[in-house]
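J.: Below: one structure in structure tokens.
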Amino acid sequence: NGVVRDLLSKNTDRMTVEEAAKTFDLEQVIDRDISKLSGGELQRLSVAATLMKDADVYFFDEPSSYLDIYQRVKVARLIKELSIEKEVVVIEHDLALLDFLADNVNVVYGSEGAYGVFTMARQVRTAINVYLDGYLPEENIRFRDRPVEFTDSPPRADINTVSLVKFDALEKDFGGFKLNVEPGAVKIGETVGIVGPNATGKTTFVKILAGEIEADSGKLDTKLKVAYKPQYISPEFDGTVRDLLYSSSFEMMESGFFQTEVLEPLAIKYLLDKKVKNLSGGELQRVAITQCLAQEADIYLLDEPSAYLDSNQRVNAAKTIKRMMMKSGKSGMIVDHDMYFLDMVSDSMMVFGGEPGHHGIGQGPFDMREGMNRFLKAVDITFRRDAESHRPRINKPDSRLDREQKGKGEYYYA
Ligand SMILES: Nc1ncnc2c1ncn2[C@@H]1O[C@H](COP(=O)(O)OP(=O)(O)O)[C@@H](O)[C@H]1O
Ligand SMILES: [Mg+2]
């Protein structure tokens with residue numbers, strides 16, 4: 001009940017209402033009813049209200065959900081600052097973020113809906129490496145068959161492959177919002193990651209490619225067969241997951257390849273007899289990814305597939321999408337905000353920017369180094385690679401490495 005200003009005014013121990021509204025980008029909605037906020041606005045409001053209080057211990061339960069990558073980094077920076085003087089506990093699925101903001105991590109393992117076990121606190125680097133490895137040595141527990149591997153050098157775009165689709169400069173004007181996408185091409189077998197702040201037209205671009213909406217100007221190859229997973233999935237289907245998947249893709253569902261490569265890692269087996277209408281957000285997401293990958297298409301468009309998934313499911317989904325594209329020689333375009341997900345899934349990168357809500361500009365695809373560099377520069381963070389797991393780690397702001405890499409313009413790899 002009430003408007004944003006009311007909640008922010010309740011506790012101003014550590015920040016004034018004006019400061020909080022500015023810091024959390026809530027100025028535009030300060031007099032709006034809380035029940036009318038978007039997911040991202042509501043998340044920023046709750047984090048703000050928590051940070052404004054003076055307390056001994058602070059708890060943040062999944063603070064990155066609904067936030068774009070820029071807002072995630074900003075919130076992570078604020079929580080990290082808070083943790084210098086206070087005790088802070090954070091539950092989080094975005095591993096790059098967790099790695100950045102935590103000192104110690106308790107890995108929790110278990111079985112969905114059955115039990116959960118908290119393990120001892122480990123130093124953050126060790127905890128995440130152990131987690132990616134899928135094996136907890138002290139507990140002697142394996143919770144994933146395959147370790148997650150990152151490459152220690154940027155993938156090289158294969159210059160010999162031909163383009164699957166080329167697009168001219170695209171333009172779409174909604175009245176209040178205008179999108180301009182610079183000309184680009186997607187190669188056969190290439191998976192393109194798409195990053196950018198919210199409301200810069202990523203979804204609009206993907207919808208144009210999917211043929212859901214038409215660009216005002218700019219041509220597209222329309223003979224292309226497209227499979228599309230929308231950002232917002234609504235469970236309208238009246239029947240079970242089995243009915244849904246078998247009615248659209250009987251042959252794929254029956255093939256051994258699809259079973260090992262998709263159904264198994266996404267744990268679809270456990271969902272087959274559930275009603276689509278009764279699925280949780282994460283279950284629905286897994287089904288939607290499966291339904292998209294089960295279609296015969298030239299290009300697979302997935303808009304925010306990591307939303308509602310936990311970190312283990314994200315890792316599994318990223319690997320699944322990547323393997324499907326590689327083994328079938330198909331192309332993909334994936335919009336996401338999770339940096340590990342993007343790093344695992346992408347061969348190249350499109351970067352969206354501009355002025356959120358007013359004017360979006362899409363550029364690329366660039367090779368990973370160029371694309372990541374552009375994007376990381378915009379969020380003002382640098383990555384190094386972990387010596388053991390090769391996973392990207394956010395450098396401490398203003399550390400020696402951070403300054404060195406910024407100086408060289410190498411934000412992605414040292
Ligand atoms: N059909 C539409 N009519 C008017 N405005 C729209 C429409 N679809 C999207 N927009 C606006 O266009 C902007 C970009 O939206 P979207 O493509 O969903 O961005 P993103 O996926 O990057 O968050 C937003 O400000 C949104 O409100
Ligand atoms: Mg979107």
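Simple scheme: letters A, B, ... for chains in structure tokens order, numbers from 1 for residues in each chain, numbers from 1 for ligands in the order shown.
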Within 8 Å of ligand 2, counting only C-alpha atoms and all ligand atoms: which residues, as a ChimeraX atom specification?
T.: /A:198-199,201-204,231,303-304,335
J.: Could you pull out the residues sitting within 8 Å of ligand 1, using only C-alpha atoms and all ligand atoms, and write them as a PyMOL selection string?
T.: chain A and resi 174-179+196-205+352+356-360
J.: Would you mind exporting the chosen residues as a PDB file, in the first residue's frame, restricted to C-alpha atoms?
T.:
```pdb
ATOM      1  CA  PHE A 174       6.996   3.475 -31.171  1.00  0.00           C
ATOM      2  CA  GLY A 175       6.334   7.171 -30.688  1.00  0.00           C
ATOM      3  CA  GLY A 176       7.890   7.537 -27.240  1.00  0.00           C
ATOM      4  CA  PHE A 177      10.724   5.138 -27.984  1.00  0.00           C
ATOM      5  CA  LYS A 178      12.900   4.802 -31.068  1.00  0.00           C
ATOM      6  CA  LEU A 179      15.245   1.937 -31.843  1.00  0.00           C
ATOM      7  CA  GLY A 196      22.393  -3.859 -22.652  1.00  0.00           C
ATOM      8  CA  PRO A 197      20.372  -1.938 -20.073  1.00  0.00           C
ATOM      9  CA  ASN A 198      16.622  -2.456 -19.746  1.00  0.00           C
ATOM     10  CA  ALA A 199      14.396  -0.520 -22.147  1.00  0.00           C
ATOM     11  CA  THR A 200      17.002  -0.093 -24.886  1.00  0.00           C
ATOM     12  CA  GLY A 201      15.120  -2.266 -27.387  1.00  0.00           C
ATOM     13  CA  LYS A 202      16.693  -5.719 -27.062  1.00  0.00           C
ATOM     14  CA  THR A 203      13.320  -7.437 -26.970  1.00  0.00           C
ATOM     15  CA  THR A 204      12.019  -5.235 -29.794  1.00  0.00           C
ATOM     16  CA  PHE A 205      15.000  -6.237 -31.972  1.00  0.00           C
ATOM     17  CA  PHE A 352      22.681  -2.243 -26.865  1.00  0.00           C
ATOM     18  CA  PRO A 356      16.702   3.760 -21.848  1.00  0.00           C
ATOM     19  CA  GLY A 357      13.020   4.346 -22.581  1.00  0.00           C
ATOM     20  CA  HIS A 358      13.741   6.982 -25.239  1.00  0.00           C
ATOM     21  CA  HIS A 359      16.310   5.910 -27.787  1.00  0.00           C
ATOM     22  CA  GLY A 360      17.951   2.507 -28.138  1.00  0.00           C
TER      23      GLY A 360
END
```
J.: Name all residues at most 9 Å from Thr382 of chain A (count only C-alpha atoms; drop same-chain ones fewer than 5 positions away) and give them as an MDAnalysis selection string.
T.: chainID A and resid 373 376:377 393:397 401:403 405:406 410:414
J.: Skip Arg144 of chain A itself and residues of its chain fewer than 2 positions away, then list as a count of residues only all residues within 6 Å of it, counting only C-alpha atoms.
T.: 3
J.: Kindly give the distance, in Å, that separates atom CA of Val3 of chain A and atom CA of Gln43 of chain A, rounded to a single decimal.
T.: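 Taking atom CA of Val3 of chain A and atom CA of Gln43 of chain A, their separation equals 14.6 Å.
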J.: Going by DSSP on the backbone, which bits of segment 15-56 of chain A are alpha helix (DSSP H)? Write them as a list of chain:residue names, please.
T.: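 Residues of segment 15-56 of chain A classed as alpha helix (DSSP H): A:Val17, A:Glu18, A:Glu19, A:Ala20, A:Ala21, A:Lys22, A:Thr23, A:Gly39, A:Gly40, A:Glu41, A:Leu42, A:Gln43, A:Arg44, A:Leu45, A:Ser46, A:Val47, A:Ala48, A:Ala49, A:Thr50, A:Leu51, A:Met52.
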J.: Looking at only C-alpha atoms, which of A:Val107, A:Leu309, A:Ile141, A:Leu263 is the one that sits closest to Asn129 of chain A?
T.: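 Under the stated criterion, the closest residue is A:Val107.
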J.: Could you give me, as a PyMOL selection string, the residues within 6 Å of Ile194 of chain A, counting only C-alpha atoms and dropping anything in the same chain fewer than 6 positions from it?
T.: chain A and resi 334-335+349-351
J.: Taking N, CA and C atoms for each residue, export the selection above as a PDB file, in the first residue's frame.
T.:
```
ATOM      1  N   ILE A 334      20.993 -14.745 -28.016  1.00  0.00           N
ATOM      2  CA  ILE A 334      20.561 -14.895 -26.637  1.00  0.00           C
ATOM      3  C   ILE A 334      20.675 -13.570 -25.901  1.00  0.00           C
ATOM      4  N   VAL A 335      19.536 -13.031 -25.476  1.00  0.00           N
ATOM      5  CA  VAL A 335      19.549 -11.838 -24.640  1.00  0.00           C
ATOM      6  C   VAL A 335      19.669 -12.287 -23.192  1.00  0.00           C
ATOM      7  N   MET A 349      29.077 -10.973 -29.742  1.00  0.00           N
ATOM      8  CA  MET A 349      28.281 -10.145 -28.841  1.00  0.00           C
ATOM      9  C   MET A 349      27.669  -8.945 -29.548  1.00  0.00           C
ATOM     10  N   MET A 350      26.383  -8.730 -29.283  1.00  0.00           N
ATOM     11  CA  MET A 350      25.747  -7.482 -29.708  1.00  0.00           C
ATOM     12  C   MET A 350      25.561  -6.621 -28.478  1.00  0.00           C
ATOM     13  N   VAL A 351      25.803  -5.333 -28.598  1.00  0.00           N
ATOM     14  CA  VAL A 351      25.728  -4.443 -27.453  1.00  0.00           C
ATOM     15  C   VAL A 351      24.672  -3.362 -27.705  1.00  0.00           C
TER      16      VAL A 351
END
```
J.: Pick from A:Leu293, A:Ile321, A:Ile69, A:Met344: nearest to Arg391 of chain A, with only C-alpha atoms counted?
T.: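 Counting only C-alpha atoms, the residue closest to Arg391 of chain A is A:Met344.
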J.: Can you work out which one of A:Leu101, A:Ser217, A:Lys408, A:Val162 has the shortest atom-to-atom distance to Val181 of chain A, counting only C-alpha atoms?
T.: A:Ser217
J.: Pick out the residues sitting within 12 Å of segment 250-256 of chain A, and hand them over as a short mmCIF file (atom, residue, chain, number, x, y, z; two decimals) with C-alpha atoms, in the first residue's frame; count only C-alpha atoms, and ignore anything fewer than 6 positions along from it in its own chain.
T.:
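The resulting around-v9.cif:
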```cif
data_model
loop_
_atom_site.label_atom_id
_atom_site.label_comp_id
_atom_site.auth_asym_id
_atom_site.auth_seq_id
_atom_site.Cartn_x
_atom_site.Cartn_y
_atom_site.Cartn_z
CA VAL A 241 4.16 -30.49 -20.11
CA ARG A 242 4.21 -33.82 -21.98
CA ASP A 243 1.15 -32.78 -24.04
CA LEU A 244 2.71 -29.43 -24.84
CA VAL A 262 18.33 -31.16 -23.67
CA LEU A 263 15.75 -33.09 -21.63
CA GLU A 264 18.33 -34.62 -19.30
CA ILE A 268 12.41 -32.05 -17.88
CA LYS A 269 11.58 -35.63 -16.95
CA LEU A 272 6.35 -34.08 -17.84
CA THR A 290 13.05 -26.88 -24.34
CA GLN A 291 10.09 -25.99 -26.53
CA CYS A 292 12.19 -23.47 -28.43
CA LEU A 293 15.14 -25.84 -28.95
CA ALA A 294 12.79 -28.65 -30.03
CA GLN A 295 11.69 -26.73 -33.11
CA GLU A 296 13.22 -27.16 -36.56
#
```
J.: Applying 10 Å and only C-alpha atoms, which residues near Arg5 of chain A remain after dropping the ones on its own chain fewer than 6 positions away? List them as JSON, numbers by chain.
T.: {"A": [17, 18, 21, 26, 27, 29, 30, 31, 32, 33, 34, 45]}
J.: Let me make sure I understand: among A:Met326, A:Leu284, A:Val186, A:Leu266, which one has the smallest atom-to-atom distance to Ile233 of chain A if we use only C-alpha atoms?
T.: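 The answer is A:Leu284, which sits nearest to Ile233 of chain A.
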J.: In Å to one decimal, how far is atom CA of Pro63 of chain A from atom CA of Val195 of chain A?
T.: 19.3 Å
J.: How many Å separate atom CA of Ile299 of chain A from atom CA of Ser331 of chain A?
T.: 4.8 Å
J.: Go through A:Lys172, A:Lys10, A:His390, A:Lys322 one by one, measure the shortest atom-to-atom distance of each to Thr191 of chain A using only C-alpha atoms, and give the residue with the smallest value.
T.: A:Lys322
